[in-house]
Amino acid sequence: MTPAEKVFREHLAGAPFQSGVDRGRWRLVSVTWPYAVIAVGAAGRTNASSEYAFRFELRNYPVTLPTAQPWNEKENAPLATSSWPGGTGRVAYAFNPGYKGGSCLYLPCDRSSIEGHDAWRTQHPEMIWDPKGDITQYLRIIHDLLHSENYTGLHRA
Amino acid sequence: MNDQIEIFLQGEGIREVTLIRVPADSTVRELIEHAKTQAGIADGEEELVVLLEDHDEPLRLDAKVKDVGISHRHRIHFHRCRQVKVSVNFNQATKERSFPPSTTIKRIKKWADDQFELKGVDATEHALQVCGTNNRPDLDVHVGTLVQHPQCQICFDLVPKKRVEG
């Protein structure tokens, strides 16, 4: 087990992650290092899932920030565009399957997305990854988006 | 063998929620001792109040935890402040109210939304941010974790959640 995986597994057992599990905010699906699949709860919407799985790529965690994409838990494959979370405003921007082929979320806490977006560090300091923190800082942002009134259910291509 | 239960702990000087293990038949006073050992809360038992999350009444120190409704994975708060005076600024207006330190940011946000008549998308698209900082505490956070006795007060701005673009 790499030091990064060891730290990640310690964080999974830690109070911040377990607190979210206990409240039904998220749940661990699997860890196959350097990947972890975690399902995040969503507000109820007609014909939409009550949760969405995301696959996090976690190499050199937590020094290096993760990148995550919506994931089909049953097929163990990227989630079809039509099944992504959809909505308006900041929800539509964050869950954008057209950005980098749907390989990441358009968020400042995502390693792939922050590349070339240095201005986000000052525009969105509350969403910048803190290497002293844990995976819940990313999960909380997803959970908040999935409980926004701007979240309307499944993405409409 | 004594059954153990896990308790989620927040409080003064505890930066992040902490999980401690205690015997199920502990008293509240013994819970404090376990919290000192496992979570590093400061001495000063005589000044501490122990509260259930989002509850107003301090727990009696000699009561058994099971007799005051504490069971596995319940949420407890330790603090020397009995109340935290909260002020929230929005649109050049300020609303104030005191809350027990065990009050979640979720509950305070709901109160602030009601005070400023924010509903639906207007409510979900605003967050509480500690005045003069970039700190937007998670909805799970107890307000007491943000203050240190004897400064039993805190100020928030109600700020819009900006879309990420560019």
# chains A, B, ... in the order shown; residues from 1 in each chain; ligands from 1
>>> interface_residues(of="chain B", to="chain A", cutoff="9 Å", atoms="only C-alpha atoms", output="short mmCIF file (atom, residue, chain, number, x, y, z; two decimals) with N, CA and C atoms, in the first residue's frame")
data_model
loop_
_atom_site.label_atom_id
_atom_site.label_comp_id
_atom_site.auth_asym_id
_atom_site.auth_seq_id
_atom_site.Cartn_x
_atom_site.Cartn_y
_atom_site.Cartn_z
N PHE B 8 -19.86 11.32 17.85
CA PHE B 8 -19.30 12.44 17.09
C PHE B 8 -19.22 13.65 18.01
N LEU B 9 -18.03 14.22 18.06
CA LEU B 9 -17.77 15.29 19.02
C LEU B 9 -17.36 16.56 18.29
N GLU B 16 -12.11 20.16 13.84
CA GLU B 16 -12.87 19.30 12.94
C GLU B 16 -13.63 18.28 13.77
N VAL B 17 -14.79 17.85 13.27
CA VAL B 17 -15.56 16.84 13.99
C VAL B 17 -14.66 15.64 14.30
N THR B 18 -14.83 15.08 15.48
CA THR B 18 -13.97 13.99 15.96
C THR B 18 -14.85 12.85 16.43
N LEU B 19 -14.35 11.63 16.21
CA LEU B 19 -15.10 10.44 16.62
C LEU B 19 -14.38 9.84 17.83
N ILE B 20 -15.09 9.72 18.95
CA ILE B 20 -14.48 9.10 20.12
C ILE B 20 -15.27 7.85 20.51
N ARG B 73 -23.13 6.85 17.70
CA ARG B 73 -22.97 7.84 16.63
C ARG B 73 -23.86 9.07 16.80
N GLY B 120 -36.53 29.01 -1.80
CA GLY B 120 -36.23 28.28 -3.03
C GLY B 120 -34.81 28.51 -3.49
N VAL B 121 -34.69 28.85 -4.77
CA VAL B 121 -33.35 28.99 -5.34
C VAL B 121 -32.57 30.12 -4.69
N ASP B 122 -33.25 31.15 -4.23
CA ASP B 122 -32.54 32.24 -3.54
C ASP B 122 -31.87 31.73 -2.26
N ALA B 123 -32.53 30.81 -1.59
CA ALA B 123 -31.96 30.26 -0.35
C ALA B 123 -30.78 29.33 -0.66
N THR B 124 -30.95 28.42 -1.61
CA THR B 124 -29.87 27.45 -1.85
C THR B 124 -28.66 28.09 -2.52
N GLU B 125 -28.84 29.27 -3.10
CA GLU B 125 -27.72 29.91 -3.80
C GLU B 125 -27.01 30.95 -2.94
N ASN B 134 -12.75 33.90 4.14
CA ASN B 134 -13.32 33.11 3.06
C ASN B 134 -13.97 31.84 3.60
N ASN B 135 -14.10 31.75 4.90
CA ASN B 135 -14.56 30.52 5.54
C ASN B 135 -16.08 30.40 5.47
N ARG B 136 -16.54 29.40 4.73
CA ARG B 136 -17.96 29.07 4.67
C ARG B 136 -18.16 27.72 5.35
N ASP B 138 -19.30 24.24 6.76
CA ASP B 138 -20.23 23.22 6.27
C ASP B 138 -21.50 23.24 7.12
N ASP B 140 -22.90 20.94 8.55
CA ASP B 140 -22.75 20.04 9.69
C ASP B 140 -22.07 20.69 10.90
N LYS B 161 -23.47 32.12 -3.83
CA LYS B 161 -22.55 31.09 -4.33
C LYS B 161 -22.37 31.35 -5.82
N LYS B 162 -21.17 31.75 -6.17
CA LYS B 162 -20.92 32.14 -7.56
C LYS B 162 -20.71 30.91 -8.44
N ARG B 163 -21.18 30.99 -9.67
CA ARG B 163 -20.91 29.91 -10.60
C ARG B 163 -19.44 29.92 -10.99
N VAL B 164 -18.91 28.73 -11.26
CA VAL B 164 -17.52 28.61 -11.68
C VAL B 164 -17.50 28.69 -13.20
N GLU B 165 -16.86 29.70 -13.73
CA GLU B 165 -16.80 29.86 -15.18
C GLU B 165 -15.49 30.53 -15.55
N GLY B 166 -15.25 30.65 -16.84
CA GLY B 166 -14.05 31.34 -17.30
C GLY B 166 -12.98 30.38 -17.76
#
>>> select_by_dssp(residues="stretch 16-58 of chain B", states="helix (DSSP H, G or I)", output="ChimeraX atom specification")
/B:28-39,45-47
>>> write_last_selection(atoms="N, CA and C atoms", output="tab-separated table (two decimals), in the first residue's frame")
chain	number	residue	atom	x	y	z
B	28	VAL	N	-22.04	11.45	31.80
B	28	VAL	CA	-21.63	12.60	31.00
B	28	VAL	C	-20.27	13.11	31.48
B	29	ARG	N	-20.05	13.05	32.80
B	29	ARG	CA	-18.75	13.48	33.34
B	29	ARG	C	-17.62	12.60	32.80
B	30	GLU	N	-17.87	11.30	32.73
B	30	GLU	CA	-16.85	10.39	32.17
B	30	GLU	C	-16.66	10.63	30.68
B	31	LEU	N	-17.73	11.03	30.03
B	31	LEU	CA	-17.63	11.38	28.60
B	31	LEU	C	-16.65	12.54	28.41
B	32	ILE	N	-16.69	13.49	29.32
B	32	ILE	CA	-15.75	14.62	29.25
B	32	ILE	C	-14.32	14.12	29.38
B	33	GLU	N	-14.10	13.18	30.31
B	33	GLU	CA	-12.75	12.64	30.49
B	33	GLU	C	-12.26	11.93	29.23
B	34	HIS	N	-13.15	11.16	28.61
B	34	HIS	CA	-12.77	10.50	27.36
B	34	HIS	C	-12.47	11.53	26.27
B	35	ALA	N	-13.25	12.59	26.24
B	35	ALA	CA	-13.03	13.63	25.23
B	35	ALA	C	-11.69	14.32	25.45
B	36	LYS	N	-11.31	14.50	26.71
B	36	LYS	CA	-9.99	15.11	26.99
B	36	LYS	C	-8.87	14.21	26.47
B	37	THR	N	-9.03	12.92	26.68
B	37	THR	CA	-7.99	11.97	26.28
B	37	THR	C	-7.95	11.79	24.77
B	38	GLN	N	-9.13	11.63	24.15
B	38	GLN	CA	-9.17	11.24	22.75
B	38	GLN	C	-9.26	12.42	21.78
B	39	ALA	N	-9.79	13.54	22.25
B	39	ALA	CA	-9.98	14.67	21.33
B	39	ALA	C	-9.22	15.91	21.77
B	45	GLU	N	-13.56	21.38	33.52
B	45	GLU	CA	-14.85	20.72	33.48
B	45	GLU	C	-15.96	21.57	34.11
B	46	GLU	N	-15.54	22.30	35.16
B	46	GLU	CA	-16.56	23.07	35.88
B	46	GLU	C	-17.18	24.15	35.02
B	47	GLU	N	-16.49	24.56	33.97
B	47	GLU	CA	-17.02	25.60	33.09
B	47	GLU	C	-17.71	25.04	31.86
>>> residues_around(residues="B:Leu158", least_positions_apart="5", cutoff="7 Å", atoms="only C-alpha atoms", output="PyMOL selection string")
chain B and resi 88-90+126-129
>>> write_last_selection(atoms="C-alpha atoms", output="short mmCIF file (atom, residue, chain, number, x, y, z; two decimals), in the first residue's frame")
data_model
loop_
_atom_site.label_atom_id
_atom_site.label_comp_id
_atom_site.auth_asym_id
_atom_site.auth_seq_id
_atom_site.Cartn_x
_atom_site.Cartn_y
_atom_site.Cartn_z
CA VAL B 88 -25.94 37.85 9.95
CA ASN B 89 -25.47 40.62 7.39
CA PHE B 90 -27.35 40.72 4.09
CA HIS B 126 -26.52 31.77 -0.71
CA ALA B 127 -24.15 30.61 2.03
CA LEU B 128 -23.06 31.82 5.45
CA GLN B 129 -19.48 33.11 5.38
#
>>> residues_around(residues="A:Lys132", least_positions_apart="4", cutoff="12 Å", atoms="only C-alpha atoms", output="VMD selection string")
(chain A and resid 7 11 61 to 65 128 136 to 137) or (chain B and resid 16)
>>> residues_around(residues="A:Gly44", least_positions_apart="2", cutoff="10 Å", atoms="only C-alpha atoms", output="list of chain:residue names")
A:Gly41, A:Ala42, A:Thr46, A:Asn47, A:Ala48, A:Ser49, A:Ser50, A:Glu51, A:Leu146, A:His147, A:Tyr151, A:Thr152, A:Gly153
>>> write_last_selection(atoms="N, CA and C atoms", output="PDB file, in the first residue's frame")
ATOM      1  N   GLY A  41     -25.288  11.714  -2.232  1.00  0.00           N
ATOM      2  CA  GLY A  41     -26.738  11.859  -2.234  1.00  0.00           C
ATOM      3  C   GLY A  41     -27.191  13.124  -2.948  1.00  0.00           C
ATOM      4  N   ALA A  42     -28.372  13.032  -3.565  1.00  0.00           N
ATOM      5  CA  ALA A  42     -28.930  14.172  -4.303  1.00  0.00           C
ATOM      6  C   ALA A  42     -30.338  14.457  -3.804  1.00  0.00           C
ATOM      7  N   THR A  46     -37.905  14.452 -10.009  1.00  0.00           N
ATOM      8  CA  THR A  46     -38.670  13.485 -10.787  1.00  0.00           C
ATOM      9  C   THR A  46     -37.768  12.738 -11.761  1.00  0.00           C
ATOM     10  N   ASN A  47     -37.891  11.409 -11.760  1.00  0.00           N
ATOM     11  CA  ASN A  47     -37.147  10.545 -12.684  1.00  0.00           C
ATOM     12  C   ASN A  47     -35.628  10.687 -12.578  1.00  0.00           C
ATOM     13  N   ALA A  48     -35.151  11.091 -11.435  1.00  0.00           N
ATOM     14  CA  ALA A  48     -33.702  11.211 -11.256  1.00  0.00           C
ATOM     15  C   ALA A  48     -33.262  10.333 -10.095  1.00  0.00           C
ATOM     16  N   SER A  49     -31.992  10.001 -10.104  1.00  0.00           N
ATOM     17  CA  SER A  49     -31.428   9.159  -9.064  1.00  0.00           C
ATOM     18  C   SER A  49     -31.380   9.906  -7.729  1.00  0.00           C
ATOM     19  N   SER A  50     -31.415   9.142  -6.650  1.00  0.00           N
ATOM     20  CA  SER A  50     -31.265   9.759  -5.329  1.00  0.00           C
ATOM     21  C   SER A  50     -29.794   9.930  -4.966  1.00  0.00           C
ATOM     22  N   GLU A  51     -28.916   9.414  -5.812  1.00  0.00           N
ATOM     23  CA  GLU A  51     -27.482   9.605  -5.589  1.00  0.00           C
ATOM     24  C   GLU A  51     -26.754   9.420  -6.912  1.00  0.00           C
ATOM     25  N   LEU A 146     -25.754  19.195  -5.618  1.00  0.00           N
ATOM     26  CA  LEU A 146     -26.867  18.259  -5.835  1.00  0.00           C
ATOM     27  C   LEU A 146     -28.060  18.556  -4.927  1.00  0.00           C
ATOM     28  N   HIS A 147     -27.916  19.553  -4.074  1.00  0.00           N
ATOM     29  CA  HIS A 147     -29.037  19.992  -3.234  1.00  0.00           C
ATOM     30  C   HIS A 147     -29.430  21.440  -3.529  1.00  0.00           C
ATOM     31  N   TYR A 151     -30.360  22.397  -9.330  1.00  0.00           N
ATOM     32  CA  TYR A 151     -30.251  21.009  -9.771  1.00  0.00           C
ATOM     33  C   TYR A 151     -31.654  20.533 -10.129  1.00  0.00           C
ATOM     34  N   THR A 152     -31.824  20.110 -11.381  1.00  0.00           N
ATOM     35  CA  THR A 152     -33.190  19.790 -11.848  1.00  0.00           C
ATOM     36  C   THR A 152     -33.394  18.314 -12.144  1.00  0.00           C
ATOM     37  N   GLY A 153     -32.351  17.496 -11.985  1.00  0.00           N
ATOM     38  CA  GLY A 153     -32.501  16.066 -12.269  1.00  0.00           C
ATOM     39  C   GLY A 153     -31.486  15.641 -13.306  1.00  0.00           C
TER      40      GLY A 153
END
>>> atom_distance(atom1="atom CA of B:Gln4", atom2="atom CA of B:Pro23")
4.3 Å
>>> atom_distance(atom1="atom CA of B:Ala63", atom2="atom CA of B:Ile76")
14.4 Å
>>> closest_residue(among="A:Pro66, A:Gly24, A:Gly102, A:Pro131", to="A:Ser82", atoms="only C-alpha atoms")
A:Gly102
>>> atom_distance(atom1="atom CA of B:Glu96", atom2="atom CA of B:Gln10")
23.2 Å
>>> select_by_dssp(residues="stretch 24-68 of chain B", states="strand (DSSP E or B)", output="ChimeraX atom specification")
/B:27,49-52,64
>>> write_last_selection(atoms="C-alpha atoms", output="CSV table (one decimal), in the first residue's frame")
chain,number,residue,atom,x,y,z
B,27,THR,CA,-21.8,9.2,32.7
B,49,VAL,CA,-21.5,22.6,29.1
B,50,VAL,CA,-22.3,19.4,27.3
B,51,LEU,CA,-25.1,19.5,24.8
B,52,LEU,CA,-26.8,17.3,22.2
B,64,LYS,CA,-25.7,8.2,32.3
